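Just below is one structure, and these are the notes that go with it.
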Amino acid sequence: MSSKFKIFDKCYAFKEAEQARAAGIYPFFKPIGKNAGTKVIIEGRELLMAGSNNYLGLAGDPRMIEASIKTLKKYGTSCSGSRFMNGTLALHEELEVKLADFVGKEEALCFTTGHQTNMGAISTLVGRGDHVITDKYNHASIMDGIFLTVGLNKSVNVHRYRHNNYEELERILKSIPEDAPKLIVTDGVFSMEGDIVDLPHMRLLADKYKAAIYLDEAHAIGVIGDTGRGTTEHFNNSVYADIMMCTFSKSFGSIGGFVAGDAKIIDYIKHFARPLMFSASMPPANIVAASTALEIIKQEPERVQRLQQIGRKMAKGFSDMGFDTGSTTTPIVPLVIGNNEKAFIFWKTLFEKGVYVNPVITPAVPPNRAMIRTSYMSTHTDAELNQILEIIGDTGKALGLI
């Protein structure tokens, strides 16, 4: 089969997904029939969820649901406009004030998704002739923000350094003219590896070479720090980052995102970020869900502490079995397999045994670093965690992976 239009040839030539489906190891786009906290129903079967980013279990919290329903009835389902025009509600601004206070910045600005937050903020802050320096393991949304920047300004200088390699980062910074505008962009918690940026070291280098730091807290807020305030709290210094962003689709149990920093910086982003200006704004029910989650996080720090305890338990359990868990120190615990096909087979066997996890292959990870990404919620019970450890351990041994 082929297309009569050349532009579609690549679509008809794409065979990998079709081959994986035929082999019965295609792991993506599995429709979830019901979400029941730590368990899900897929294809009529109940599975233990060990691959969700609903870190604090708030997506199904009755308080979140009740607040969202009340908001739907009052405001409807959509703002039907961008923040720049008719899509800003008082709800947006109220949430932004609370978020800025929570992360210790002057102001915050909400976008419709976390991905758009990085796209909009990075492409607005980095302009013609500027330098952006990024960790090679940074999230795809960061790279897309950089690509948009390059698309808008061909003279932008992009530098990538090996993951958490601060010697290489310093070499790059040293090579850039002292008076050139520089922005270091990094994840706080890396979404696939589960490790944490050495933010104090990065801050020292940034100050030495006059660079600003943009910190992506998507997998950090609600996950690390004594009260869930993320990487800066983890290192006990709120000024380590100049700009912070986070999504609402993880710990906040909603959808959307925000960027926070000095008032003048946020006001500039507000007036020039294309994904903010040309997308419909975050819907009312999701605003209130994120706001409700923020209050729960502040009032119930024991959720964060339980999540951290679970992360330590699972990382140690898998490491003791012989799995390569990388350098994780969070509830994101990768099981590094290496080979794509082996990762798919491992995923399929676990799926059949009743455990849902996420297989991750290139380009989400470097070549030959295919992995099973496991992640946990504060609502997992010890019995469920022990069951997950047992099933994954037995399967790993049976497949010769450990």
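Order determines the names: the first chain of the structure tokens is A, the second B, and so forth; residues in each chain are numbered 1 upward, and ligands are numbered 1 upward as they are shown.
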
Which residues of stretch 217-296 of chain A come within 9 Å of stretch 302-319 of chain A, and what is each one's closest atom pair and distance in Å (one decimal), counting only C-alpha atoms, sorted by chain and residue number, as CSV?
residue,atom,partner,partner_atom,distance
A:Gly222,CA,A:Val304,CA,6.1
A:Val223,CA,A:Val304,CA,5.9
A:Ile224,CA,A:Gln308,CA,7.2
A:Gly225,CA,A:Val304,CA,8.2
A:Asp226,CA,A:Gln305,CA,7.1
A:Thr227,CA,A:Val304,CA,6.6
A:Gly228,CA,A:Val304,CA,5.9

Could you write those residues out with N, CA and C atoms, as an mmCIF file, in the first residue's frame?
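Resulting contents of result_1.cif:
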data_model
loop_
_atom_site.group_PDB
_atom_site.id
_atom_site.type_symbol
_atom_site.label_atom_id
_atom_site.label_comp_id
_atom_site.auth_asym_id
_atom_site.auth_seq_id
_atom_site.Cartn_x
_atom_site.Cartn_y
_atom_site.Cartn_z
ATOM 1 N N GLY A 222 5.822 18.200 45.066
ATOM 2 C CA GLY A 222 4.979 17.123 45.568
ATOM 3 C C GLY A 222 5.729 15.814 45.758
ATOM 4 N N VAL A 223 6.985 15.787 45.331
ATOM 5 C CA VAL A 223 7.762 14.545 45.348
ATOM 6 C C VAL A 223 8.965 14.648 46.280
ATOM 7 N N ILE A 224 9.725 15.737 46.197
ATOM 8 C CA ILE A 224 10.896 15.895 47.068
ATOM 9 C C ILE A 224 10.786 17.187 47.874
ATOM 10 N N GLY A 225 11.647 17.297 48.877
ATOM 11 C CA GLY A 225 11.544 18.397 49.828
ATOM 12 C C GLY A 225 10.661 17.958 50.990
ATOM 13 N N ASP A 226 10.930 18.466 52.185
ATOM 14 C CA ASP A 226 10.189 18.039 53.376
ATOM 15 C C ASP A 226 8.693 18.267 53.253
ATOM 16 N N THR A 227 8.295 19.344 52.572
ATOM 17 C CA THR A 227 6.868 19.639 52.426
ATOM 18 C C THR A 227 6.423 19.612 50.970
ATOM 19 N N GLY A 228 7.247 19.003 50.099
ATOM 20 C CA GLY A 228 6.863 18.844 48.702
ATOM 21 C C GLY A 228 7.084 20.061 47.834
#

Spatial neighbours of A:Leu148, max dist 12 Å, only C-alpha atoms, sep filter under 4 positions, as an MDAnalysis selection string:
chainID A and resid 116 118:127 141:144 152:154 156 158 273:275

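All residues within stretch 4-94 of chain A that the backbone DSSP calculation assigns to strand (DSSP E) are Ile32, Gly33, Lys34, Asn35, Ala36, Lys39, Val40, Ile41, Ile42, Arg45, Glu46, Leu47, Leu48 and Met49 of chain A.
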
Residue among A:Ile42, A:Ile266, A:Leu91, A:Ile25 lying closest to A:Thr349, counting only C-alpha atoms:
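Smallest separation from A:Thr349 among the options: A:Ile25.
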
Using DSSP on the backbone coordinates, identify all residues within stretch 222-401 of chain A classified as helix (DSSP H, G or I); present the result as a PDB file with N, CA and C atoms, in the first residue's frame.
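Just written: selection-v2.pdb:
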ATOM      1  N   THR A 231      12.844  20.850  44.391  1.00  0.00           N
ATOM      2  CA  THR A 231      14.296  20.749  44.421  1.00  0.00           C
ATOM      3  C   THR A 231      14.934  21.818  45.294  1.00  0.00           C
ATOM      4  N   THR A 232      14.432  23.034  45.237  1.00  0.00           N
ATOM      5  CA  THR A 232      15.028  24.090  46.060  1.00  0.00           C
ATOM      6  C   THR A 232      14.842  23.782  47.542  1.00  0.00           C
ATOM      7  N   GLU A 233      13.682  23.245  47.919  1.00  0.00           N
ATOM      8  CA  GLU A 233      13.484  22.863  49.321  1.00  0.00           C
ATOM      9  C   GLU A 233      14.366  21.674  49.679  1.00  0.00           C
ATOM     10  N   HIS A 234      14.519  20.745  48.752  1.00  0.00           N
ATOM     11  CA  HIS A 234      15.381  19.585  48.971  1.00  0.00           C
ATOM     12  C   HIS A 234      16.790  20.033  49.357  1.00  0.00           C
ATOM     13  N   ALA A 263       8.663  39.407  39.117  1.00  0.00           N
ATOM     14  CA  ALA A 263       7.456  39.961  38.504  1.00  0.00           C
ATOM     15  C   ALA A 263       7.715  40.488  37.096  1.00  0.00           C
ATOM     16  N   LYS A 264       8.835  41.163  36.892  1.00  0.00           N
ATOM     17  CA  LYS A 264       9.134  41.721  35.569  1.00  0.00           C
ATOM     18  C   LYS A 264       9.353  40.622  34.531  1.00  0.00           C
ATOM     19  N   ILE A 265       9.972  39.526  34.956  1.00  0.00           N
ATOM     20  CA  ILE A 265      10.209  38.413  34.027  1.00  0.00           C
ATOM     21  C   ILE A 265       8.883  37.766  33.629  1.00  0.00           C
ATOM     22  N   ILE A 266       8.030  37.520  34.616  1.00  0.00           N
ATOM     23  CA  ILE A 266       6.745  36.888  34.331  1.00  0.00           C
ATOM     24  C   ILE A 266       5.871  37.789  33.472  1.00  0.00           C
ATOM     25  N   ASP A 267       5.914  39.093  33.704  1.00  0.00           N
ATOM     26  CA  ASP A 267       5.127  40.018  32.891  1.00  0.00           C
ATOM     27  C   ASP A 267       5.606  39.996  31.440  1.00  0.00           C
ATOM     28  N   TYR A 268       6.909  39.869  31.232  1.00  0.00           N
ATOM     29  CA  TYR A 268       7.453  39.783  29.874  1.00  0.00           C
ATOM     30  C   TYR A 268       6.976  38.503  29.183  1.00  0.00           C
ATOM     31  N   ILE A 269       7.072  37.370  29.895  1.00  0.00           N
ATOM     32  CA  ILE A 269       6.600  36.101  29.329  1.00  0.00           C
ATOM     33  C   ILE A 269       5.119  36.202  28.981  1.00  0.00           C
ATOM     34  N   LYS A 270       4.350  36.827  29.838  1.00  0.00           N
ATOM     35  CA  LYS A 270       2.905  36.981  29.641  1.00  0.00           C
ATOM     36  C   LYS A 270       2.577  37.682  28.323  1.00  0.00           C
ATOM     37  N   HIS A 271       3.440  38.591  27.895  1.00  0.00           N
ATOM     38  CA  HIS A 271       3.145  39.382  26.702  1.00  0.00           C
ATOM     39  C   HIS A 271       3.811  38.865  25.428  1.00  0.00           C
ATOM     40  N   PHE A 272       4.669  37.843  25.540  1.00  0.00           N
ATOM     41  CA  PHE A 272       5.376  37.383  24.344  1.00  0.00           C
ATOM     42  C   PHE A 272       5.344  35.869  24.124  1.00  0.00           C
ATOM     43  N   ARG A 274       4.167  32.672  22.809  1.00  0.00           N
ATOM     44  CA  ARG A 274       3.203  32.304  21.769  1.00  0.00           C
ATOM     45  C   ARG A 274       2.239  31.194  22.212  1.00  0.00           C
ATOM     46  N   PRO A 275       2.710  30.128  22.898  1.00  0.00           N
ATOM     47  CA  PRO A 275       1.764  29.093  23.331  1.00  0.00           C
ATOM     48  C   PRO A 275       0.734  29.606  24.340  1.00  0.00           C
ATOM     49  N   LEU A 276       1.035  30.694  25.038  1.00  0.00           N
ATOM     50  CA  LEU A 276       0.059  31.306  25.939  1.00  0.00           C
ATOM     51  C   LEU A 276      -0.925  32.168  25.157  1.00  0.00           C
ATOM     52  N   MET A 277      -0.406  32.925  24.207  1.00  0.00           N
ATOM     53  CA  MET A 277      -1.218  33.901  23.474  1.00  0.00           C
ATOM     54  C   MET A 277      -2.145  33.264  22.454  1.00  0.00           C
ATOM     55  N   PRO A 284     -11.745  25.998  33.681  1.00  0.00           N
ATOM     56  CA  PRO A 284     -12.041  26.346  35.080  1.00  0.00           C
ATOM     57  C   PRO A 284     -11.940  25.168  36.051  1.00  0.00           C
ATOM     58  N   ALA A 285     -12.486  24.021  35.682  1.00  0.00           N
ATOM     59  CA  ALA A 285     -12.472  22.877  36.598  1.00  0.00           C
ATOM     60  C   ALA A 285     -11.049  22.432  36.900  1.00  0.00           C
ATOM     61  N   ASN A 286     -10.157  22.532  35.916  1.00  0.00           N
ATOM     62  CA  ASN A 286      -8.763  22.145  36.131  1.00  0.00           C
ATOM     63  C   ASN A 286      -8.018  23.165  36.981  1.00  0.00           C
ATOM     64  N   ILE A 287      -8.380  24.430  36.853  1.00  0.00           N
ATOM     65  CA  ILE A 287      -7.790  25.455  37.712  1.00  0.00           C
ATOM     66  C   ILE A 287      -8.100  25.151  39.168  1.00  0.00           C
ATOM     67  N   VAL A 288      -9.370  24.900  39.445  1.00  0.00           N
ATOM     68  CA  VAL A 288      -9.802  24.655  40.820  1.00  0.00           C
ATOM     69  C   VAL A 288      -9.240  23.331  41.338  1.00  0.00           C
ATOM     70  N   ALA A 289      -9.127  22.327  40.461  1.00  0.00           N
ATOM     71  CA  ALA A 289      -8.515  21.065  40.881  1.00  0.00           C
ATOM     72  C   ALA A 289      -7.070  21.293  41.318  1.00  0.00           C
ATOM     73  N   ALA A 290      -6.313  22.071  40.534  1.00  0.00           N
ATOM     74  CA  ALA A 290      -4.923  22.360  40.888  1.00  0.00           C
ATOM     75  C   ALA A 290      -4.846  23.163  42.184  1.00  0.00           C
ATOM     76  N   SER A 291      -5.760  24.110  42.346  1.00  0.00           N
ATOM     77  CA  SER A 291      -5.782  24.924  43.562  1.00  0.00           C
ATOM     78  C   SER A 291      -6.112  24.073  44.790  1.00  0.00           C
ATOM     79  N   THR A 292      -7.059  23.156  44.631  1.00  0.00           N
ATOM     80  CA  THR A 292      -7.421  22.246  45.723  1.00  0.00           C
ATOM     81  C   THR A 292      -6.253  21.340  46.077  1.00  0.00           C
ATOM     82  N   ALA A 293      -5.568  20.830  45.051  1.00  0.00           N
ATOM     83  CA  ALA A 293      -4.401  19.973  45.282  1.00  0.00           C
ATOM     84  C   ALA A 293      -3.320  20.731  46.041  1.00  0.00           C
ATOM     85  N   LEU A 294      -3.111  21.990  45.680  1.00  0.00           N
ATOM     86  CA  LEU A 294      -2.100  22.795  46.358  1.00  0.00           C
ATOM     87  C   LEU A 294      -2.407  22.906  47.849  1.00  0.00           C
ATOM     88  N   GLU A 295      -3.671  23.126  48.188  1.00  0.00           N
ATOM     89  CA  GLU A 295      -4.055  23.222  49.604  1.00  0.00           C
ATOM     90  C   GLU A 295      -3.843  21.883  50.319  1.00  0.00           C
ATOM     91  N   ILE A 296      -4.150  20.772  49.637  1.00  0.00           N
ATOM     92  CA  ILE A 296      -3.956  19.455  50.248  1.00  0.00           C
ATOM     93  C   ILE A 296      -2.471  19.197  50.488  1.00  0.00           C
ATOM     94  N   ILE A 297      -1.641  19.551  49.517  1.00  0.00           N
ATOM     95  CA  ILE A 297      -0.192  19.359  49.667  1.00  0.00           C
ATOM     96  C   ILE A 297       0.319  20.138  50.878  1.00  0.00           C
ATOM     97  N   LYS A 298      -0.170  21.363  51.049  1.00  0.00           N
ATOM     98  CA  LYS A 298       0.275  22.193  52.175  1.00  0.00           C
ATOM     99  C   LYS A 298      -0.230  21.645  53.512  1.00  0.00           C
ATOM    100  N   GLN A 299      -1.444  21.119  53.510  1.00  0.00           N
ATOM    101  CA  GLN A 299      -2.055  20.667  54.763  1.00  0.00           C
ATOM    102  C   GLN A 299      -1.673  19.243  55.138  1.00  0.00           C
ATOM    103  N   PRO A 301       1.479  17.175  54.564  1.00  0.00           N
ATOM    104  CA  PRO A 301       2.850  16.839  54.137  1.00  0.00           C
ATOM    105  C   PRO A 301       3.178  15.361  54.327  1.00  0.00           C
ATOM    106  N   GLU A 302       2.355  14.668  55.125  1.00  0.00           N
ATOM    107  CA  GLU A 302       2.595  13.239  55.318  1.00  0.00           C
ATOM    108  C   GLU A 302       2.456  12.458  54.013  1.00  0.00           C
ATOM    109  N   ARG A 303       1.696  12.986  53.055  1.00  0.00           N
ATOM    110  CA  ARG A 303       1.599  12.332  51.739  1.00  0.00           C
ATOM    111  C   ARG A 303       2.968  12.328  51.059  1.00  0.00           C
ATOM    112  N   VAL A 304       3.637  13.453  51.104  1.00  0.00           N
ATOM    113  CA  VAL A 304       4.960  13.572  50.492  1.00  0.00           C
ATOM    114  C   VAL A 304       5.951  12.648  51.191  1.00  0.00           C
ATOM    115  N   GLN A 305       5.898  12.627  52.511  1.00  0.00           N
ATOM    116  CA  GLN A 305       6.828  11.794  53.281  1.00  0.00           C
ATOM    117  C   GLN A 305       6.597  10.310  53.019  1.00  0.00           C
ATOM    118  N   ARG A 306       5.339   9.916  52.883  1.00  0.00           N
ATOM    119  CA  ARG A 306       5.019   8.522  52.562  1.00  0.00           C
ATOM    120  C   ARG A 306       5.546   8.163  51.167  1.00  0.00           C
ATOM    121  N   LEU A 307       5.375   9.075  50.224  1.00  0.00           N
ATOM    122  CA  LEU A 307       5.864   8.841  48.868  1.00  0.00           C
ATOM    123  C   LEU A 307       7.368   8.637  48.858  1.00  0.00           C
ATOM    124  N   GLN A 308       8.086   9.451  49.602  1.00  0.00           N
ATOM    125  CA  GLN A 308       9.536   9.318  49.665  1.00  0.00           C
ATOM    126  C   GLN A 308       9.954   7.995  50.304  1.00  0.00           C
ATOM    127  N   GLN A 309       9.226   7.582  51.324  1.00  0.00           N
ATOM    128  CA  GLN A 309       9.486   6.286  51.962  1.00  0.00           C
ATOM    129  C   GLN A 309       9.295   5.151  50.957  1.00  0.00           C
ATOM    130  N   ILE A 310       8.230   5.238  50.177  1.00  0.00           N
ATOM    131  CA  ILE A 310       7.952   4.219  49.159  1.00  0.00           C
ATOM    132  C   ILE A 310       9.074   4.176  48.126  1.00  0.00           C
ATOM    133  N   GLY A 311       9.536   5.347  47.689  1.00  0.00           N
ATOM    134  CA  GLY A 311      10.621   5.397  46.711  1.00  0.00           C
ATOM    135  C   GLY A 311      11.863   4.673  47.210  1.00  0.00           C
ATOM    136  N   ARG A 312      12.222   4.910  48.465  1.00  0.00           N
ATOM    137  CA  ARG A 312      13.397   4.239  49.037  1.00  0.00           C
ATOM    138  C   ARG A 312      13.187   2.726  49.101  1.00  0.00           C
ATOM    139  N   LYS A 313      12.005   2.314  49.508  1.00  0.00           N
ATOM    140  CA  LYS A 313      11.693   0.884  49.625  1.00  0.00           C
ATOM    141  C   LYS A 313      11.811   0.181  48.270  1.00  0.00           C
ATOM    142  N   MET A 314      11.231   0.781  47.238  1.00  0.00           N
ATOM    143  CA  MET A 314      11.204   0.121  45.932  1.00  0.00           C
ATOM    144  C   MET A 314      12.584   0.130  45.272  1.00  0.00           C
ATOM    145  N   ALA A 315      13.304   1.236  45.386  1.00  0.00           N
ATOM    146  CA  ALA A 315      14.647   1.290  44.796  1.00  0.00           C
ATOM    147  C   ALA A 315      15.558   0.248  45.438  1.00  0.00           C
ATOM    148  N   LYS A 316      15.493   0.137  46.753  1.00  0.00           N
ATOM    149  CA  LYS A 316      16.319  -0.858  47.458  1.00  0.00           C
ATOM    150  C   LYS A 316      15.885  -2.270  47.095  1.00  0.00           C
ATOM    151  N   GLY A 317      14.567  -2.494  47.040  1.00  0.00           N
ATOM    152  CA  GLY A 317      14.065  -3.824  46.715  1.00  0.00           C
ATOM    153  C   GLY A 317      14.533  -4.297  45.355  1.00  0.00           C
ATOM    154  N   PHE A 318      14.433  -3.445  44.344  1.00  0.00           N
ATOM    155  CA  PHE A 318      14.850  -3.826  42.993  1.00  0.00           C
ATOM    156  C   PHE A 318      16.361  -3.946  42.889  1.00  0.00           C
ATOM    157  N   SER A 319      17.078  -3.047  43.544  1.00  0.00           N
ATOM    158  CA  SER A 319      18.539  -3.102  43.512  1.00  0.00           C
ATOM    159  C   SER A 319      19.046  -4.375  44.170  1.00  0.00           C
ATOM    160  N   ASP A 320      18.440  -4.754  45.293  1.00  0.00           N
ATOM    161  CA  ASP A 320      18.839  -5.982  45.989  1.00  0.00           C
ATOM    162  C   ASP A 320      18.606  -7.221  45.130  1.00  0.00           C
ATOM    163  N   MET A 321      17.618  -7.166  44.240  1.00  0.00           N
ATOM    164  CA  MET A 321      17.347  -8.293  43.349  1.00  0.00           C
ATOM    165  C   MET A 321      18.397  -8.409  42.241  1.00  0.00           C
ATOM    166  N   ASN A 340      15.677  -2.841  23.270  1.00  0.00           N
ATOM    167  CA  ASN A 340      14.273  -2.459  23.099  1.00  0.00           C
ATOM    168  C   ASN A 340      13.341  -3.664  23.139  1.00  0.00           C
ATOM    169  N   GLU A 341      13.696  -4.715  22.400  1.00  0.00           N
ATOM    170  CA  GLU A 341      12.815  -5.882  22.312  1.00  0.00           C
ATOM    171  C   GLU A 341      12.667  -6.557  23.674  1.00  0.00           C
ATOM    172  N   LYS A 342      13.781  -6.674  24.413  1.00  0.00           N
ATOM    173  CA  LYS A 342      13.703  -7.269  25.747  1.00  0.00           C
ATOM    174  C   LYS A 342      12.813  -6.438  26.668  1.00  0.00           C
ATOM    175  N   ALA A 343      12.890  -5.116  26.530  1.00  0.00           N
ATOM    176  CA  ALA A 343      12.053  -4.239  27.347  1.00  0.00           C
ATOM    177  C   ALA A 343      10.578  -4.458  27.028  1.00  0.00           C
ATOM    178  N   PHE A 344      10.260  -4.624  25.744  1.00  0.00           N
ATOM    179  CA  PHE A 344       8.866  -4.861  25.341  1.00  0.00           C
ATOM    180  C   PHE A 344       8.359  -6.216  25.862  1.00  0.00           C
ATOM    181  N   ILE A 345       9.206  -7.231  25.761  1.00  0.00           N
ATOM    182  CA  ILE A 345       8.814  -8.565  26.239  1.00  0.00           C
ATOM    183  C   ILE A 345       8.610  -8.546  27.750  1.00  0.00           C
ATOM    184  N   PHE A 346       9.507  -7.856  28.460  1.00  0.00           N
ATOM    185  CA  PHE A 346       9.385  -7.708  29.913  1.00  0.00           C
ATOM    186  C   PHE A 346       8.064  -7.018  30.254  1.00  0.00           C
ATOM    187  N   TRP A 347       7.788  -5.915  29.543  1.00  0.00           N
ATOM    188  CA  TRP A 347       6.531  -5.186  29.763  1.00  0.00           C
ATOM    189  C   TRP A 347       5.325  -6.103  29.549  1.00  0.00           C
ATOM    190  N   LYS A 348       5.318  -6.843  28.425  1.00  0.00           N
ATOM    191  CA  LYS A 348       4.173  -7.689  28.098  1.00  0.00           C
ATOM    192  C   LYS A 348       3.962  -8.763  29.168  1.00  0.00           C
ATOM    193  N   THR A 349       5.033  -9.374  29.635  1.00  0.00           N
ATOM    194  CA  THR A 349       4.906 -10.415  30.657  1.00  0.00           C
ATOM    195  C   THR A 349       4.353  -9.840  31.956  1.00  0.00           C
ATOM    196  N   LEU A 350       4.841  -8.675  32.340  1.00  0.00           N
ATOM    197  CA  LEU A 350       4.318  -8.024  33.546  1.00  0.00           C
ATOM    198  C   LEU A 350       2.842  -7.658  33.378  1.00  0.00           C
ATOM    199  N   PHE A 351       2.493  -7.178  32.202  1.00  0.00           N
ATOM    200  CA  PHE A 351       1.097  -6.835  31.908  1.00  0.00           C
ATOM    201  C   PHE A 351       0.198  -8.063  32.064  1.00  0.00           C
ATOM    202  N   GLU A 352       0.660  -9.174  31.539  1.00  0.00           N
ATOM    203  CA  GLU A 352      -0.126 -10.410  31.634  1.00  0.00           C
ATOM    204  C   GLU A 352      -0.238 -10.901  33.078  1.00  0.00           C
ATOM    205  N   ASP A 382       1.677  -1.174  51.541  1.00  0.00           N
ATOM    206  CA  ASP A 382       2.861  -2.034  51.589  1.00  0.00           C
ATOM    207  C   ASP A 382       2.589  -3.389  50.955  1.00  0.00           C
ATOM    208  N   ALA A 383       1.374  -3.893  51.122  1.00  0.00           N
ATOM    209  CA  ALA A 383       1.017  -5.182  50.519  1.00  0.00           C
ATOM    210  C   ALA A 383       1.083  -5.089  48.998  1.00  0.00           C
ATOM    211  N   GLU A 384       0.596  -3.995  48.429  1.00  0.00           N
ATOM    212  CA  GLU A 384       0.646  -3.813  46.978  1.00  0.00           C
ATOM    213  C   GLU A 384       2.086  -3.676  46.501  1.00  0.00           C
ATOM    214  N   LEU A 385       2.886  -2.940  47.230  1.00  0.00           N
ATOM    215  CA  LEU A 385       4.287  -2.755  46.850  1.00  0.00           C
ATOM    216  C   LEU A 385       5.048  -4.082  46.900  1.00  0.00           C
ATOM    217  N   ASN A 386       4.802  -4.881  47.921  1.00  0.00           N
ATOM    218  CA  ASN A 386       5.457  -6.192  48.020  1.00  0.00           C
ATOM    219  C   ASN A 386       5.032  -7.096  46.877  1.00  0.00           C
ATOM    220  N   GLN A 387       3.756  -7.001  46.490  1.00  0.00           N
ATOM    221  CA  GLN A 387       3.274  -7.801  45.365  1.00  0.00           C
ATOM    222  C   GLN A 387       3.961  -7.377  44.071  1.00  0.00           C
ATOM    223  N   ILE A 388       4.115  -6.071  43.870  1.00  0.00           N
ATOM    224  CA  ILE A 388       4.809  -5.567  42.682  1.00  0.00           C
ATOM    225  C   ILE A 388       6.258  -6.057  42.662  1.00  0.00           C
ATOM    226  N   LEU A 389       6.940  -5.959  43.790  1.00  0.00           N
ATOM    227  CA  LEU A 389       8.327  -6.428  43.876  1.00  0.00           C
ATOM    228  C   LEU A 389       8.422  -7.911  43.544  1.00  0.00           C
ATOM    229  N   GLU A 390       7.505  -8.704  44.075  1.00  0.00           N
ATOM    230  CA  GLU A 390       7.541 -10.148  43.851  1.00  0.00           C
ATOM    231  C   GLU A 390       7.320 -10.490  42.385  1.00  0.00           C
ATOM    232  N   ILE A 391       6.307  -9.885  41.776  1.00  0.00           N
ATOM    233  CA  ILE A 391       5.985 -10.199  40.379  1.00  0.00           C
ATOM    234  C   ILE A 391       7.116  -9.763  39.454  1.00  0.00           C
ATOM    235  N   ILE A 392       7.630  -8.549  39.660  1.00  0.00           N
ATOM    236  CA  ILE A 392       8.697  -8.059  38.791  1.00  0.00           C
ATOM    237  C   ILE A 392       9.979  -8.863  39.013  1.00  0.00           C
ATOM    238  N   GLY A 393      10.276  -9.203  40.260  1.00  0.00           N
ATOM    239  CA  GLY A 393      11.473  -9.996  40.540  1.00  0.00           C
ATOM    240  C   GLY A 393      11.402 -11.374  39.902  1.00  0.00           C
ATOM    241  N   ASP A 394      10.276 -12.048  40.069  1.00  0.00           N
ATOM    242  CA  ASP A 394      10.113 -13.385  39.471  1.00  0.00           C
ATOM    243  C   ASP A 394      10.196 -13.329  37.947  1.00  0.00           C
ATOM    244  N   THR A 395       9.595 -12.303  37.371  1.00  0.00           N
ATOM    245  CA  THR A 395       9.603 -12.164  35.915  1.00  0.00           C
ATOM    246  C   THR A 395      11.002 -11.864  35.413  1.00  0.00           C
ATOM    247  N   GLY A 396      11.711 -10.996  36.108  1.00  0.00           N
ATOM    248  CA  GLY A 396      13.085 -10.678  35.712  1.00  0.00           C
ATOM    249  C   GLY A 396      13.983 -11.890  35.713  1.00  0.00           C
ATOM    250  N   LYS A 397      13.817 -12.746  36.731  1.00  0.00           N
ATOM    251  CA  LYS A 397      14.613 -13.990  36.804  1.00  0.00           C
ATOM    252  C   LYS A 397      14.234 -14.942  35.679  1.00  0.00           C
ATOM    253  N   ALA A 398      12.936 -15.089  35.427  1.00  0.00           N
ATOM    254  CA  ALA A 398      12.478 -16.002  34.382  1.00  0.00           C
ATOM    255  C   ALA A 398      12.960 -15.605  33.007  1.00  0.00           C
TER     256      ALA A 398
END
